[in-house]
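Novice: Please find query_25.txt (compact mmCIF, C-alpha atoms (C1' of nucleotides)) on the next line:
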```txt
# COMPACT_ATOMS: atom_id res chain seq x y z
CA MET D 1285 -4.40 8.31 31.74
CA PRO D 1286 -6.03 6.61 28.74
CA GLN D 1287 -8.50 3.99 29.83
CA LYS D 1288 -9.00 0.72 28.03
CA ASP D 1289 -11.93 1.36 25.80
CA THR D 1290 -14.38 -1.01 24.22
CA TYR D 1291 -14.31 0.28 20.67
CA GLY D 1292 -11.00 -0.93 19.28
CA LEU D 1293 -9.07 -0.73 16.08
CA LEU D 1294 -10.31 -4.23 15.49
CA ASP D 1295 -13.81 -2.93 15.10
CA PHE D 1296 -12.85 -0.15 12.76
CA LEU D 1297 -14.01 -1.22 9.33
CA PRO D 1298 -11.29 0.41 7.24
CA TYR D 1299 -8.73 -1.28 9.43
CA LEU D 1300 -10.41 -4.66 9.18
CA LEU D 1301 -10.76 -4.28 5.46
CA ASN D 1302 -7.11 -3.45 5.13
CA GLN D 1303 -6.00 -6.38 7.20
CA ALA D 1304 -8.21 -8.76 5.29
CA ALA D 1305 -7.08 -7.33 1.98
CA GLU D 1306 -3.43 -7.56 2.90
CA GLU D 1307 -3.67 -11.07 4.24
CA SER D 1308 -5.65 -12.35 1.30
CA SER D 1309 -3.40 -10.69 -1.26
CA LEU D 1310 -0.21 -12.08 0.17
CA ALA D 1311 -0.36 -15.67 -0.96
CA PHE D 1312 -1.45 -14.75 -4.45
CA GLN D 1313 1.24 -12.13 -4.74
CA GLU D 1314 3.84 -14.84 -4.30
CA VAL D 1315 2.52 -16.49 -7.43
CA TYR D 1316 2.64 -13.68 -9.93
CA LYS D 1317 5.82 -12.38 -8.41
CA GLY D 1318 7.47 -15.77 -8.20
CA ARG D 1319 6.41 -17.15 -11.56
CA TYR D 1320 6.53 -14.04 -13.72
CA GLY D 1321 8.35 -11.43 -11.70
CA MET D 1322 5.31 -9.20 -11.83
CA LEU D 1323 4.20 -6.41 -9.57
CA ARG D 1324 0.59 -6.07 -8.53
CA THR D 1325 0.03 -3.24 -10.97
CA GLU D 1326 1.36 -5.40 -13.76
CA TRP D 1327 -0.81 -8.30 -12.79
CA ARG D 1328 -3.81 -6.01 -12.82
CA VAL D 1329 -3.05 -4.65 -16.26
CA LEU D 1330 -2.52 -8.16 -17.51
CA PHE D 1331 -5.80 -9.24 -16.04
CA HIS D 1332 -7.71 -6.41 -17.64
CA LEU D 1333 -6.27 -7.17 -21.03
CA GLY D 1334 -6.95 -10.86 -20.61
CA MET D 1335 -10.50 -10.16 -19.52
CA TYR D 1336 -11.54 -7.52 -21.96
CA GLY D 1337 -9.17 -7.93 -24.85
CA GLN D 1338 -7.54 -4.96 -26.53
CA MET D 1339 -7.67 -1.79 -24.48
CA THR D 1340 -5.92 1.52 -24.16
CA ALA D 1341 -4.13 2.62 -21.01
CA LYS D 1342 -6.87 5.11 -20.41
CA GLU D 1343 -9.57 2.50 -20.48
CA ILE D 1344 -7.64 0.39 -18.04
CA GLY D 1345 -7.36 3.39 -15.81
CA GLU D 1346 -11.09 3.95 -15.84
CA ARG D 1347 -11.89 0.42 -14.93
CA SER D 1348 -9.17 -0.19 -12.41
CA ARG D 1349 -8.96 3.18 -10.71
CA MET D 1350 -5.20 3.00 -10.94
CA HIS D 1351 -3.32 6.21 -11.49
CA LYS D 1352 -2.10 6.67 -15.02
CA THR D 1353 1.57 6.76 -14.07
CA LYS D 1354 1.25 3.37 -12.45
CA ILE D 1355 -0.37 2.04 -15.57
CA SER D 1356 2.19 3.65 -17.82
CA ARG D 1357 5.02 2.00 -15.97
CA ALA D 1358 3.29 -1.34 -15.74
CA VAL D 1359 2.66 -1.28 -19.48
CA GLN D 1360 6.28 -0.42 -20.09
CA ARG D 1361 7.53 -3.38 -18.12
CA LEU D 1362 4.98 -5.77 -19.56
CA SER D 1363 5.95 -4.66 -23.02
CA GLU D 1364 9.68 -5.03 -22.32
CA ARG D 1365 9.03 -8.55 -21.20
CA ARG D 1366 7.00 -9.26 -24.31
CA PHE D 1367 3.72 -9.82 -22.52
CA LEU D 1368 1.98 -7.21 -24.60
CA THR D 1369 2.33 -5.10 -27.72
CA ARG D 1370 1.53 -1.44 -28.18
CA THR D 1371 0.18 0.01 -31.38
CA ARG D 1372 -0.66 3.63 -31.97
CA ASP D 1373 -4.20 4.53 -32.86
CA ASP D 1374 -4.21 6.10 -36.30
CA LYS D 1375 -7.21 8.29 -35.66
CA ASP D 1376 -5.90 9.58 -32.36
CA ARG D 1377 -2.18 9.26 -32.31
CA ARG D 1378 -1.92 10.10 -28.64
CA SER D 1379 -3.31 6.81 -27.48
CA GLU D 1380 -2.22 3.29 -28.17
CA HIS D 1381 -3.90 -0.07 -28.20
CA LEU D 1382 -2.54 -2.74 -25.97
CA ASP D 1383 -2.75 -6.41 -26.85
CA LEU D 1384 -1.47 -9.44 -25.04
CA THR D 1385 1.12 -11.50 -26.86
CA SER D 1386 0.76 -15.24 -26.75
CA ALA D 1387 3.14 -15.25 -23.80
CA GLY D 1388 0.97 -12.65 -22.11
CA LEU D 1389 -2.13 -14.62 -22.77
CA ALA D 1390 -0.53 -17.76 -21.42
CA ALA D 1391 0.52 -15.95 -18.26
CA TYR D 1392 -2.97 -14.55 -17.91
CA ARG D 1393 -4.59 -17.95 -18.25
CA ASP D 1394 -2.19 -19.47 -15.79
CA LEU D 1395 -2.63 -16.76 -13.20
CA ARG D 1396 -6.31 -16.60 -13.67
CA LYS D 1397 -6.60 -20.26 -12.94
CA VAL D 1398 -4.60 -19.79 -9.78
CA ALA D 1399 -6.75 -16.83 -8.85
CA GLU D 1400 -9.93 -18.81 -9.25
CA ASP D 1401 -8.63 -21.66 -7.18
CA TYR D 1402 -7.40 -19.29 -4.56
CA ASP D 1403 -10.71 -17.56 -4.43
CA ALA D 1404 -12.49 -20.85 -4.08
CA LYS D 1405 -10.27 -21.64 -1.14
CA LEU D 1406 -11.07 -18.35 0.53
CA GLU D 1407 -14.75 -18.86 -0.09
CA SER D 1408 -14.71 -22.35 1.30
CA GLN D 1409 -14.57 -20.88 4.78
CA PHE D 1410 -18.09 -19.59 4.34
CA THR D 1411 -21.45 -20.57 2.99
CA ARG D 1412 -22.52 -19.62 -0.52
CA GLY D 1413 -24.95 -17.10 0.86
CA GLU D 1414 -22.36 -15.48 3.06
CA VAL D 1415 -19.97 -15.10 0.18
CA ALA D 1416 -22.65 -13.57 -2.01
CA MET D 1417 -23.48 -11.08 0.68
CA LEU D 1418 -19.82 -10.30 1.26
CA ARG D 1419 -19.34 -9.49 -2.40
CA VAL D 1420 -22.33 -7.21 -2.46
CA MET D 1421 -21.15 -5.37 0.63
CA LEU D 1422 -17.61 -5.03 -0.61
CA ARG D 1423 -18.75 -3.67 -3.92
CA ARG D 1424 -20.90 -1.15 -2.16
CA LEU D 1425 -18.03 -0.11 0.11
CA ALA D 1426 -15.74 0.13 -2.86
CA GLY D 1427 -18.17 2.46 -4.53
CA MET D 1428 -18.77 -0.07 -7.26
CA GLY D 1429 -22.18 -0.94 -6.00
CA MET A 771 -8.07 -13.88 -29.03
CA PRO A 772 -9.16 -13.52 -25.39
CA GLN A 773 -12.88 -13.86 -25.03
CA LYS A 774 -14.91 -11.90 -22.54
CA ASP A 775 -15.14 -14.21 -19.61
CA THR A 776 -17.67 -14.40 -16.85
CA TYR A 777 -15.36 -14.58 -13.90
CA GLY A 778 -13.87 -11.10 -13.64
CA LEU A 779 -11.48 -9.23 -11.49
CA LEU A 780 -14.56 -7.82 -9.87
CA ASP A 781 -15.38 -11.19 -8.46
CA PHE A 782 -11.90 -11.87 -7.19
CA LEU A 783 -12.06 -11.44 -3.45
CA PRO A 784 -8.56 -10.07 -2.83
CA TYR A 785 -9.25 -7.44 -5.46
CA LEU A 786 -12.62 -6.53 -4.03
CA LEU A 787 -11.16 -6.38 -0.57
CA ASN A 788 -8.42 -4.09 -1.75
CA GLN A 789 -10.79 -1.77 -3.51
CA ALA A 790 -13.10 -1.60 -0.55
CA ALA A 791 -10.20 -1.07 1.81
CA GLU A 792 -8.71 1.67 -0.30
CA GLU A 793 -11.96 3.47 -0.85
CA SER A 794 -12.99 3.29 2.78
CA SER A 795 -9.60 4.40 4.03
CA LEU A 796 -9.38 7.42 1.82
CA ALA A 797 -11.70 9.83 3.53
CA PHE A 798 -10.36 9.03 6.95
CA GLN A 799 -6.80 9.35 5.78
CA GLU A 800 -7.50 12.94 4.82
CA VAL A 801 -8.32 13.62 8.43
CA TYR A 802 -5.25 12.34 10.21
CA LYS A 803 -3.07 13.55 7.41
CA GLY A 804 -4.72 16.91 7.13
CA ARG A 805 -5.14 17.68 10.81
CA TYR A 806 -1.97 16.18 12.22
CA GLY A 807 0.25 15.43 9.26
CA MET A 808 0.27 11.77 10.20
CA LEU A 809 0.89 8.70 8.12
CA ARG A 810 -1.23 5.63 8.49
CA THR A 811 1.46 3.84 10.48
CA GLU A 812 1.61 6.78 12.84
CA TRP A 813 -2.10 6.86 13.28
CA ARG A 814 -2.05 3.17 14.08
CA VAL A 815 0.65 3.53 16.69
CA LEU A 816 -1.22 6.45 18.18
CA PHE A 817 -4.38 4.42 18.27
CA HIS A 818 -2.72 1.53 20.03
CA LEU A 819 -1.26 3.76 22.68
CA GLY A 820 -4.54 5.54 23.12
CA MET A 821 -6.39 2.27 23.40
CA TYR A 822 -4.10 0.31 25.62
CA GLY A 823 -2.02 2.91 27.38
CA GLN A 824 1.71 2.54 27.82
CA MET A 825 3.26 -0.02 25.51
CA THR A 826 6.60 -0.95 24.01
CA ALA A 827 7.25 -0.98 20.30
CA LYS A 828 7.38 -4.73 20.42
CA GLU A 829 3.95 -5.02 21.95
CA ILE A 830 2.54 -2.72 19.32
CA GLY A 831 4.12 -4.92 16.71
CA GLU A 832 2.49 -8.02 18.10
CA ARG A 833 -0.93 -6.49 18.12
CA SER A 834 -0.79 -4.61 14.87
CA ARG A 835 1.21 -6.98 12.68
CA MET A 836 3.23 -4.04 11.50
CA HIS A 837 6.87 -4.65 10.79
CA LYS A 838 9.18 -3.34 13.45
CA THR A 839 10.91 -0.89 11.14
CA LYS A 840 7.61 0.74 10.34
CA ILE A 841 6.89 1.06 14.02
CA SER A 842 10.34 2.36 14.75
CA ARG A 843 9.96 5.13 12.24
CA ALA A 844 6.43 5.95 13.26
CA VAL A 845 7.53 6.21 16.88
CA GLN A 846 10.40 8.44 15.88
CA ARG A 847 8.14 10.86 14.07
CA LEU A 848 5.47 10.84 16.74
CA SER A 849 8.12 11.55 19.30
CA GLU A 850 9.66 14.38 17.29
CA ARG A 851 6.26 15.96 17.07
CA ARG A 852 5.74 15.54 20.80
CA PHE A 853 2.85 13.14 20.55
CA LEU A 854 4.59 10.59 22.71
CA THR A 855 7.51 10.13 25.08
CA ARG A 856 9.95 7.27 25.23
CA THR A 857 11.47 6.01 28.45
CA ARG A 858 13.94 3.17 28.75
CA ASP A 859 12.96 0.19 30.82
CA ASP A 860 15.38 -0.11 33.72
CA LYS A 861 15.18 -3.86 33.96
CA ASP A 862 15.65 -4.40 30.24
CA ARG A 863 17.44 -1.46 28.79
CA ARG A 864 16.88 -2.57 25.22
CA SER A 865 13.22 -1.73 25.22
CA GLU A 866 11.45 1.48 25.95
CA HIS A 867 8.01 2.40 27.16
CA LEU A 868 5.94 4.66 25.01
CA ASP A 869 3.41 7.06 26.46
CA LEU A 870 1.19 9.59 24.79
CA THR A 871 1.75 13.19 25.76
CA SER A 872 -1.28 15.31 26.40
CA ALA A 873 -1.06 16.47 22.80
CA GLY A 874 -0.93 12.85 21.71
CA LEU A 875 -3.88 11.96 23.83
CA ALA A 876 -5.85 14.90 22.49
CA ALA A 877 -5.08 13.86 18.92
CA TYR A 878 -6.08 10.31 19.72
CA ARG A 879 -9.39 11.37 21.20
CA ASP A 880 -10.11 13.64 18.29
CA LEU A 881 -9.26 11.06 15.66
CA ARG A 882 -11.00 8.30 17.47
CA LYS A 883 -14.16 10.28 17.52
CA VAL A 884 -13.87 10.88 13.81
CA ALA A 885 -13.18 7.19 13.27
CA GLU A 886 -16.26 6.16 15.17
CA ASP A 887 -18.46 8.57 13.28
CA TYR A 888 -16.95 7.50 10.03
CA ASP A 889 -17.50 3.89 10.84
CA ALA A 890 -21.07 4.57 11.74
CA LYS A 891 -21.54 6.20 8.38
CA LEU A 892 -20.11 3.22 6.58
CA GLU A 893 -22.28 0.89 8.58
CA SER A 894 -25.39 2.88 7.90
CA GLN A 895 -25.48 1.44 4.40
CA PHE A 896 -26.28 -1.95 5.86
CA THR A 897 -28.36 -3.61 8.50
CA ARG A 898 -26.97 -4.40 11.93
CA GLY A 899 -26.90 -8.06 11.10
CA GLU A 900 -25.07 -7.54 7.86
CA VAL A 901 -22.42 -5.47 9.55
CA ALA A 902 -21.95 -8.05 12.25
CA MET A 903 -21.50 -10.75 9.67
CA LEU A 904 -19.14 -8.59 7.65
CA ARG A 905 -16.92 -8.09 10.67
CA VAL A 906 -16.82 -11.78 11.41
CA MET A 907 -15.93 -12.61 7.85
CA LEU A 908 -13.28 -9.95 7.59
CA ARG A 909 -11.66 -11.09 10.81
CA ARG A 910 -11.59 -14.60 9.54
CA LEU A 911 -10.08 -13.53 6.23
CA ALA A 912 -7.54 -11.43 8.07
CA GLY A 913 -6.51 -14.44 10.07
CA MET A 914 -7.76 -12.80 13.22
CA GLY A 915 -10.76 -15.03 13.47
C1' DC G 1072 32.95 -15.64 34.04
C1' DG G 1073 32.98 -16.02 28.66
C1' DT G 1074 31.38 -17.49 24.50
C1' DT G 1075 27.33 -18.16 21.76
C1' DG G 1076 22.69 -17.20 20.76
C1' DT G 1077 18.46 -13.99 21.21
C1' DT G 1078 15.98 -10.03 21.42
C1' DA G 1079 14.58 -4.70 21.01
C1' DG G 1080 15.18 -1.43 18.25
C1' DT G 1081 17.81 1.28 14.54
C1' DT G 1082 20.01 2.33 10.23
C1' DA G 1083 21.29 1.91 5.36
C1' DC G 1084 20.14 0.80 0.98
C1' DA G 1085 16.96 -0.78 -2.71
C1' DA G 1086 12.20 -1.11 -4.53
C1' DA G 1087 7.91 0.95 -5.16
C1' DA G 1088 4.38 4.58 -4.83
C1' DA G 1089 2.81 9.45 -4.95
C1' DC G 1090 2.86 13.75 -6.95
C1' DA G 1091 3.93 17.23 -10.15
C1' DA G 1092 5.58 18.85 -14.31
C1' DC G 1093 6.24 17.74 -19.03
C1' DT G 1094 5.51 16.32 -24.41
C1' DA G 1095 2.76 15.40 -28.12
C1' DT G 1096 -1.52 15.41 -30.14
C1' DT G 1097 -6.32 16.60 -30.67
C1' DA G 1098 -10.52 19.54 -29.74
C1' DC G 1099 -12.72 23.79 -29.31
C1' DC G 1100 -13.86 28.44 -30.18
C1' DT G 1101 -13.86 32.84 -32.39
C1' DA T 922 -6.81 29.47 -39.82
C1' DG T 923 -4.79 30.61 -34.96
C1' DG T 924 -4.73 30.56 -30.32
C1' DT T 925 -6.23 28.31 -26.01
C1' DA T 926 -7.71 24.49 -23.58
C1' DA T 927 -8.01 19.55 -22.94
C1' DT T 928 -6.31 14.75 -23.30
C1' DA T 929 -3.08 10.37 -23.57
C1' DG T 930 0.70 9.12 -21.92
C1' DT T 931 5.58 9.85 -20.07
C1' DT T 932 9.33 11.40 -17.18
C1' DG T 933 11.54 13.31 -13.06
C1' DT T 934 11.62 14.03 -8.19
C1' DT T 935 10.24 13.19 -3.64
C1' DT T 936 8.00 10.06 -0.07
C1' DT T 937 7.17 5.73 1.74
C1' DT T 938 7.93 1.04 2.03
C1' DG T 939 10.57 -3.36 2.20
C1' DT T 940 14.65 -5.94 3.21
C1' DA T 941 18.78 -6.85 5.24
C1' DA T 942 22.35 -5.86 8.01
C1' DC T 943 23.57 -3.69 12.14
C1' DT T 944 24.12 -2.16 17.44
C1' DA T 945 23.28 -2.71 22.10
C1' DA T 946 21.60 -5.28 25.78
C1' DC T 947 20.32 -9.53 27.81
C1' DA T 948 20.15 -14.87 28.44
C1' DA T 949 21.93 -19.30 28.93
C1' DC T 950 25.03 -22.80 28.99
C1' DG T 951 29.43 -24.78 29.56
```
Go ahead and render the structure in this file as structure tokens.
Specialist:
Amino acid sequence: MPQKDTYGLLDFLPYLLNQAAEESSLAFQEVYKGRYGMLRTEWRVLFHLGMYGQMTAKEIGERSRMHKTKISRAVQRLSERRFLTRTRDDKDRRSEHLDLTSAGLAAYRDLRKVAEDYDAKLESQFTRGEVAMLRVMLRRLAGMG
Amino acid sequence: MPQKDTYGLLDFLPYLLNQAAEESSLAFQEVYKGRYGMLRTEWRVLFHLGMYGQMTAKEIGERSRMHKTKISRAVQRLSERRFLTRTRDDKDRRSEHLDLTSAGLAAYRDLRKVAEDYDAKLESQFTRGEVAMLRVMLRRLAGMG
DNA sequence: CGTTGTTAGTTACAAAAACAACTATTACCT
DNA sequence: AGGTAATAGTTGTTTTTGTAACTAACAACG
């Protein structure tokens, strides 16, 4: 007969992290999905290109820790929808350079603005110091410390 | 030409939360997957039953915020593998009561132990106070505040 | 009763993710 | 050079998830 124990799922950090991640991703997901029909992988690729400028799929993979097949398919869809262009590297013809089109850049700017506002809203529940500490802890947990 | 901006994905809380959640879930996932061939949904159902004793699928759904189809399938698989038994409620024959078998209970105890140790390891990177604050913040962000 | 609305749980189908195998190109090594 | 290994990216196949529609049982109201 299992007895009601004190240590619950609700104390388990991976669980808490997942719940918080899911909940906080939801509202924003509506935006990039609703406005641009994007998936999360696509939004991430877009963001990386908007942030860092021209990149290859490999570089995106290194920074984002997304699997290369995910990236490949995201790039495909973004390119079909004219959010980015792909140009082969002449020195190494295996890889290609990805650049946002003006439509891609516009989408990036729009979504980024929404992201910043959304983040501000999340942060508003806490003090500046708490948020700073949260970020540090999350980075550490994510292995990006 | 997109310029390198200061506010990056790495500051975006939903992103950070996702990364931290993914990273921190990974090692533990190996365990329930490797030892018992379970999926995360199955592990969660198992945990709920281990924690609270007999429950219906609906009750699990209320506590876990998992969609009922996920629970339905998790219950099916756990039952096939003899980790739990299902018995119809005689007063309301739509619902059924789920109970861990001894194998289920053993798996729960084993995994729970691993979970606690794992959690302790994660926590060891921080001070007690930091961890306490992290939990509070995550609960709030998860809407479980 | 009996018709209409709810609820617990399942099933079927579509979307997305995971994993493995593949192509094309470049690097290395003798 | 010539063969083997490594790398960038793609494609195919299988799992898992999400969504919607479904069945069976109950509730409530006339």
Novice: Output the coordinates of chain D after least-squares fitting to chain A on all in-order C-alpha pairs, as a CSV table (one decimal) with C-alpha atoms, keeping the file's coordinate frame.
Specialist:
```csv
chain,number,residue,atom,x,y,z
D,1285,MET,CA,-7.7,-14.5,-29.0
D,1286,PRO,CA,-8.8,-14.0,-25.3
D,1287,GLN,CA,-12.6,-14.4,-25.0
D,1288,LYS,CA,-14.6,-12.4,-22.6
D,1289,ASP,CA,-15.0,-14.6,-19.6
D,1290,THR,CA,-17.5,-14.6,-16.8
D,1291,TYR,CA,-15.2,-14.7,-13.8
D,1292,GLY,CA,-13.8,-11.2,-13.6
D,1293,LEU,CA,-11.4,-9.3,-11.4
D,1294,LEU,CA,-14.5,-7.9,-9.8
D,1295,ASP,CA,-15.3,-11.3,-8.4
D,1296,PHE,CA,-11.9,-11.9,-7.1
D,1297,LEU,CA,-12.1,-11.5,-3.3
D,1298,PRO,CA,-8.6,-10.1,-2.7
D,1299,TYR,CA,-9.2,-7.5,-5.3
D,1300,LEU,CA,-12.6,-6.5,-3.9
D,1301,LEU,CA,-11.2,-6.4,-0.5
D,1302,ASN,CA,-8.4,-4.1,-1.6
D,1303,GLN,CA,-10.8,-1.8,-3.4
D,1304,ALA,CA,-13.1,-1.6,-0.5
D,1305,ALA,CA,-10.2,-1.0,1.9
D,1306,GLU,CA,-8.7,1.7,-0.3
D,1307,GLU,CA,-11.9,3.5,-0.8
D,1308,SER,CA,-12.9,3.4,2.8
D,1309,SER,CA,-9.5,4.5,4.1
D,1310,LEU,CA,-9.3,7.5,1.8
D,1311,ALA,CA,-11.7,9.9,3.5
D,1312,PHE,CA,-10.3,9.1,6.9
D,1313,GLN,CA,-6.7,9.5,5.8
D,1314,GLU,CA,-7.5,13.1,4.9
D,1315,VAL,CA,-8.3,13.7,8.5
D,1316,TYR,CA,-5.3,12.5,10.3
D,1317,LYS,CA,-3.1,13.7,7.5
D,1318,GLY,CA,-4.8,17.1,7.3
D,1319,ARG,CA,-5.2,17.8,10.9
D,1320,TYR,CA,-2.0,16.3,12.3
D,1321,GLY,CA,0.2,15.6,9.4
D,1322,MET,CA,0.3,12.0,10.3
D,1323,LEU,CA,0.9,8.9,8.1
D,1324,ARG,CA,-1.2,5.8,8.4
D,1325,THR,CA,1.5,4.0,10.4
D,1326,GLU,CA,1.6,6.9,12.8
D,1327,TRP,CA,-2.1,7.0,13.2
D,1328,ARG,CA,-2.0,3.3,14.0
D,1329,VAL,CA,0.7,3.6,16.6
D,1330,LEU,CA,-1.2,6.5,18.2
D,1331,PHE,CA,-4.4,4.4,18.2
D,1332,HIS,CA,-2.7,1.5,19.9
D,1333,LEU,CA,-1.3,3.7,22.6
D,1334,GLY,CA,-4.6,5.5,23.1
D,1335,MET,CA,-6.4,2.2,23.3
D,1336,TYR,CA,-4.1,0.1,25.4
D,1337,GLY,CA,-2.1,2.7,27.3
D,1338,GLN,CA,1.7,2.3,27.7
D,1339,MET,CA,3.2,-0.2,25.3
D,1340,THR,CA,6.6,-1.0,23.8
D,1341,ALA,CA,7.3,-1.0,20.1
D,1342,LYS,CA,7.4,-4.7,20.2
D,1343,GLU,CA,4.0,-5.1,21.7
D,1344,ILE,CA,2.6,-2.7,19.1
D,1345,GLY,CA,4.2,-4.8,16.4
D,1346,GLU,CA,2.5,-8.0,17.7
D,1347,ARG,CA,-0.9,-6.5,17.8
D,1348,SER,CA,-0.8,-4.5,14.6
D,1349,ARG,CA,1.3,-6.8,12.4
D,1350,MET,CA,3.3,-3.9,11.2
D,1351,HIS,CA,6.9,-4.4,10.5
D,1352,LYS,CA,9.2,-3.1,13.2
D,1353,THR,CA,11.0,-0.6,11.0
D,1354,LYS,CA,7.7,1.0,10.2
D,1355,ILE,CA,6.9,1.2,13.9
D,1356,SER,CA,10.4,2.5,14.7
D,1357,ARG,CA,10.0,5.3,12.2
D,1358,ALA,CA,6.5,6.1,13.2
D,1359,VAL,CA,7.5,6.3,16.9
D,1360,GLN,CA,10.4,8.6,15.9
D,1361,ARG,CA,8.1,11.0,14.2
D,1362,LEU,CA,5.5,10.9,16.9
D,1363,SER,CA,8.1,11.6,19.5
D,1364,GLU,CA,9.6,14.5,17.5
D,1365,ARG,CA,6.2,16.0,17.3
D,1366,ARG,CA,5.7,15.5,21.0
D,1367,PHE,CA,2.8,13.1,20.7
D,1368,LEU,CA,4.6,10.5,22.8
D,1369,THR,CA,7.5,10.0,25.2
D,1370,ARG,CA,9.9,7.2,25.3
D,1371,THR,CA,11.4,5.8,28.4
D,1372,ARG,CA,13.9,3.0,28.7
D,1373,ASP,CA,12.9,-0.1,30.6
D,1374,ASP,CA,15.4,-0.5,33.5
D,1375,LYS,CA,15.1,-4.2,33.7
D,1376,ASP,CA,15.6,-4.7,30.0
D,1377,ARG,CA,17.4,-1.7,28.6
D,1378,ARG,CA,16.9,-2.7,25.0
D,1379,SER,CA,13.2,-1.9,25.0
D,1380,GLU,CA,11.4,1.3,25.8
D,1381,HIS,CA,8.0,2.2,27.1
D,1382,LEU,CA,5.9,4.5,25.0
D,1383,ASP,CA,3.4,6.9,26.5
D,1384,LEU,CA,1.1,9.5,24.9
D,1385,THR,CA,1.7,13.0,25.9
D,1386,SER,CA,-1.4,15.1,26.6
D,1387,ALA,CA,-1.1,16.4,23.0
D,1388,GLY,CA,-1.0,12.8,21.8
D,1389,LEU,CA,-3.9,11.9,23.9
D,1390,ALA,CA,-5.9,14.8,22.6
D,1391,ALA,CA,-5.1,13.9,19.0
D,1392,TYR,CA,-6.1,10.3,19.8
D,1393,ARG,CA,-9.4,11.3,21.3
D,1394,ASP,CA,-10.1,13.6,18.4
D,1395,LEU,CA,-9.3,11.1,15.7
D,1396,ARG,CA,-11.0,8.3,17.5
D,1397,LYS,CA,-14.2,10.3,17.5
D,1398,VAL,CA,-13.9,10.9,13.8
D,1399,ALA,CA,-13.2,7.3,13.3
D,1400,GLU,CA,-16.3,6.2,15.1
D,1401,ASP,CA,-18.5,8.6,13.3
D,1402,TYR,CA,-17.0,7.6,10.0
D,1403,ASP,CA,-17.5,4.0,10.8
D,1404,ALA,CA,-21.1,4.7,11.7
D,1405,LYS,CA,-21.5,6.3,8.3
D,1406,LEU,CA,-20.1,3.3,6.5
D,1407,GLU,CA,-22.3,1.0,8.6
D,1408,SER,CA,-25.4,3.0,7.9
D,1409,GLN,CA,-25.5,1.5,4.4
D,1410,PHE,CA,-26.3,-1.9,5.9
D,1411,THR,CA,-28.4,-3.5,8.5
D,1412,ARG,CA,-27.0,-4.3,11.9
D,1413,GLY,CA,-27.0,-7.9,11.2
D,1414,GLU,CA,-25.1,-7.4,7.9
D,1415,VAL,CA,-22.5,-5.4,9.6
D,1416,ALA,CA,-22.0,-8.0,12.3
D,1417,MET,CA,-21.6,-10.7,9.8
D,1418,LEU,CA,-19.2,-8.5,7.7
D,1419,ARG,CA,-17.0,-8.0,10.8
D,1420,VAL,CA,-16.9,-11.7,11.5
D,1421,MET,CA,-16.0,-12.6,8.0
D,1422,LEU,CA,-13.3,-9.9,7.7
D,1423,ARG,CA,-11.7,-11.0,11.0
D,1424,ARG,CA,-11.7,-14.6,9.7
D,1425,LEU,CA,-10.1,-13.5,6.4
D,1426,ALA,CA,-7.6,-11.4,8.2
D,1427,GLY,CA,-6.6,-14.4,10.3
D,1428,MET,CA,-7.8,-12.7,13.4
D,1429,GLY,CA,-10.8,-14.9,13.7
```
Novice: Select, as a PyMOL selection string, those residues of chain D with any atom no more than 12 Å from chain T (distances computed using only C-alpha atoms (C1' of nucleotides)).
Specialist: chain D and resi 1340-1343+1345+1351-1357+1359-1360+1372-1373+1376-1381
Novice: Could you check which of G:DC1100, G:DT1078, G:DA1087, G:DT1094 is closest to chain A, using all atoms listed in the file?
Specialist: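 Nearest to chain A: G:DT1078.
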Novice: May I ask for the distance between atom CA of D:Gly1388 and atom C1' of G:DA1086, given in Å to one decimal place?
Specialist: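 Spanning atom CA of D:Gly1388 to atom C1' of G:DA1086 is a straight-line distance of 23.8 Å.
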Novice: For D:Met1322, work out the shell of residues within 12 Å, counting all atoms listed in the file and skipping chain neighbours fewer than 3 positions away, then give it as a list in words.
Specialist: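 Near D:Met1322, the qualifying residues are Phe1312, Gln1313, Glu1314, Val1315, Tyr1316, Lys1317, Gly1318, Arg1319, Thr1325, Glu1326, Trp1327, Arg1328, Val1329, Leu1330, Phe1331, Arg1357, Ala1358, Val1359, Arg1361, Leu1362, Arg1365, Phe1367, Gly1388, Ala1391, Tyr1392 and Leu1395 of chain D.
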Novice: Go ahead and compute the interatomic distance for atom CA of A:Phe782 and atom CA of D:Leu1301, in Å to one decimal.
Specialist: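 These atoms are spaced 14.8 Å apart.
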Novice: Could you write out as a list in words the residues of chain D within 6 Å of chain A, counting all atoms listed in the file?
Specialist: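 Within 6 Å of chain A on chain D, we get Pro1286, Lys1288, Pro1298, Leu1301, Asn1302, Gln1303, Ala1304, Ala1305, Glu1307, Ser1308, Ser1309, Gly1334, Met1335, Tyr1336, Gly1337, Leu1422, Leu1425 and Ala1426 of chain D.
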Novice: Mind pulling up the distance from atom CA of D:Met1350 to atom CA of D:Ser1363?
Specialist: 18.1 Å
Novice: I need the contact residues of chain G against chain A, so if you could list those with any atom within 10 Å, counting only C-alpha atoms (C1' of nucleotides), and return them as a ChimeraX atom specification, that would help.
Specialist: /G:1078-1082
